[in-house]
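The structure under discussion appears below in the form of structure tokens.
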Amino acid sequence: MRVYLPLTLPGLAALHRTGERGPAPLAAVAVTPALRAWYGGDADEEELEYAALGEAADASLRLLAADPAAPRRRVVLAAEVPDRAVVPGTDPGAPGAVILTAPVPLARLAAVHLDSATAEPDIAAALAGGTDADDPGHELLWYGVQEIPHLLP
């Protein structure tokens, strides 16, 4: 199952250092039946994946709010995990929320999604309440897993 894990740059550095995102349980987002119902019956898989990525980006923003020392850039990991490692989340306001019951090894990552450095002022403003905290106005950029060392501050 494809899941999206919200993170921060310090969390990405820890994953690079340890070789896994953990320990479990881990909050993540996936295309769940609840997300499908929320998004509507005519959405295709690509639209649903984009909605899950957006929900994880919002969760990354909340992680940034809890860590004032972290660079103001959202990070979302896309990973392929076994279905048996995914259980439904309990937040009715987050229809794609799931819980991962096992750590996610680096080898399971498919991509890293990250704000550009130019987004930092807008992310900081969103966190300070200057803009809509769920939409700081930037799309996350896509990076291959092999690029992680070059993404770290």
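For the structure tokens, the naming scheme is as follows: chains receive sequential letters (A, B, ...) according to their order of presentation, residues are indexed from 1 within each chain, and ligands are indexed from 1 in presentation order.
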**Prompt:** Leaving out Gly89 of chain A and any residue of its chain fewer than 4 positions from it, which residues lie within 6 Å of it when counting only C-alpha atoms, given as a list in words?
**Reply:** Ala97, Val98 and Ile99 of chain A
Those residues you just picked out, can you put them in a file as a PDB file, in the first residue's frame with N, CA and C atoms?
```pdb
ATOM      1  N   ALA A  97      -6.252   9.333   7.256  1.00  0.00           N
ATOM      2  CA  ALA A  97      -5.336   8.994   8.343  1.00  0.00           C
ATOM      3  C   ALA A  97      -5.254   7.493   8.567  1.00  0.00           C
ATOM      4  N   VAL A  98      -4.020   7.013   8.681  1.00  0.00           N
ATOM      5  CA  VAL A  98      -3.762   5.619   9.029  1.00  0.00           C
ATOM      6  C   VAL A  98      -2.627   5.592  10.051  1.00  0.00           C
ATOM      7  N   ILE A  99      -2.477   4.450  10.688  1.00  0.00           N
ATOM      8  CA  ILE A  99      -1.385   4.224  11.637  1.00  0.00           C
ATOM      9  C   ILE A  99      -0.552   3.063  11.098  1.00  0.00           C
TER      10      ILE A  99
END
```
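From atom CA of Asp115 of chain A back to atom CA of Leu127 of chain A, the distance works out to 14.4 Å.
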**Prompt:** From the set A:Val104, A:Ala94, A:Leu53, A:Ala85, which residue has the shortest atom-to-atom contact distance to Pro33 of chain A, counting only C-alpha atoms?
**Reply:**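 Under the stated criterion, the closest residue is A:Ala94.
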Got a sec: who's within 12 Å of Pro92 of chain A, counting only C-alpha atoms, leaving out chain neighbours fewer than 6 positions off, as a PDB file with C-alpha atoms, in the first residue's frame?
```
ATOM      1  CA  ALA A  34     -13.030   7.212   4.028  1.00  0.00           C
ATOM      2  CA  LEU A  35     -10.841   9.403   1.786  1.00  0.00           C
ATOM      3  CA  TRP A  38     -14.879  12.274   1.235  1.00  0.00           C
ATOM      4  CA  VAL A  98      -3.762   5.619   9.029  1.00  0.00           C
TER       5      VAL A  98
END
```
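Residues within 8 Å of segment 2-6 of chain A, counting only C-alpha atoms and excluding same-chain residues fewer than 4 positions away, are Ala27, Ala28, Val29, Ala30, Val31, Ala52, Leu53, Ala56, Ala57, Ala59, Ser60, Leu63, Arg74, Val75, Val76, Leu77, Ala78, Ala79, Glu80 and Val81 of chain A.
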Write the residues of the preceding selection, restricted to C-alpha atoms, as a short mmCIF file (atom, residue, chain, number, x, y, z; two decimals), in the first residue's frame.
```
data_model
loop_
_atom_site.label_atom_id
_atom_site.label_comp_id
_atom_site.auth_asym_id
_atom_site.auth_seq_id
_atom_site.Cartn_x
_atom_site.Cartn_y
_atom_site.Cartn_z
CA ALA A 27 0.97 8.47 11.74
CA ALA A 28 0.58 8.42 7.97
CA VAL A 29 -1.97 9.10 5.24
CA ALA A 30 -3.23 6.76 2.52
CA VAL A 31 -6.04 6.42 0.04
CA ALA A 52 -3.51 12.00 0.48
CA LEU A 53 -0.24 13.83 -0.21
CA ALA A 56 0.22 14.56 4.81
CA ALA A 57 1.61 18.01 3.92
CA ALA A 59 0.32 17.09 9.02
CA SER A 60 3.92 18.08 8.26
CA LEU A 63 4.95 18.94 13.03
CA ARG A 74 7.26 20.63 4.84
CA VAL A 75 8.49 17.09 4.12
CA VAL A 76 6.37 14.12 3.06
CA LEU A 77 7.73 10.65 2.37
CA ALA A 78 5.95 8.37 -0.09
CA ALA A 79 6.47 4.71 0.82
CA GLU A 80 5.23 1.29 -0.15
CA VAL A 81 4.40 -0.75 2.94
#
```
**Request:** Using DSSP on the backbone coordinates, identify the residues of chain A assigned to helix (DSSP H, G or I); present them as an NGL selection string.
**Result:** :A and (9-18 or 33-39 or 45-66 or 83-85 or 106-108 or 117-127 or 145-151)
**Message:** as a PyMOL selection string, please: every residue in chain A that a backbone DSSP assignment puts in strand (DSSP E).
**Reply:** chain A and resi 2-7+20-21+26-30+75-80+86-88+97-100+104-105+109-114+141-143
**Counting only C-alpha atoms, the option among A:Thr8, A:Thr101, A:Thr90, A:Thr118 closest to Gly22 of chain A** =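 Using only C-alpha atoms, the shortest distance to Gly22 of chain A belongs to A:Thr101.
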**Message:** At a cut-off of 8 Å, using only C-alpha atoms, what residues contact segment 16-19 of chain A? Leave out same-chain residues fewer than 5 positions from it and give the result as a VMD selection string.
**Reply:** chain A and resid 105 to 106 148 to 149
**Item:** Pick from A:Ala119, A:Leu151, A:Val145, A:Leu100 nearest to Leu26 of chain A, counting only C-alpha atoms
**Value:**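 Selected residue with least distance to Leu26 of chain A: A:Leu100.
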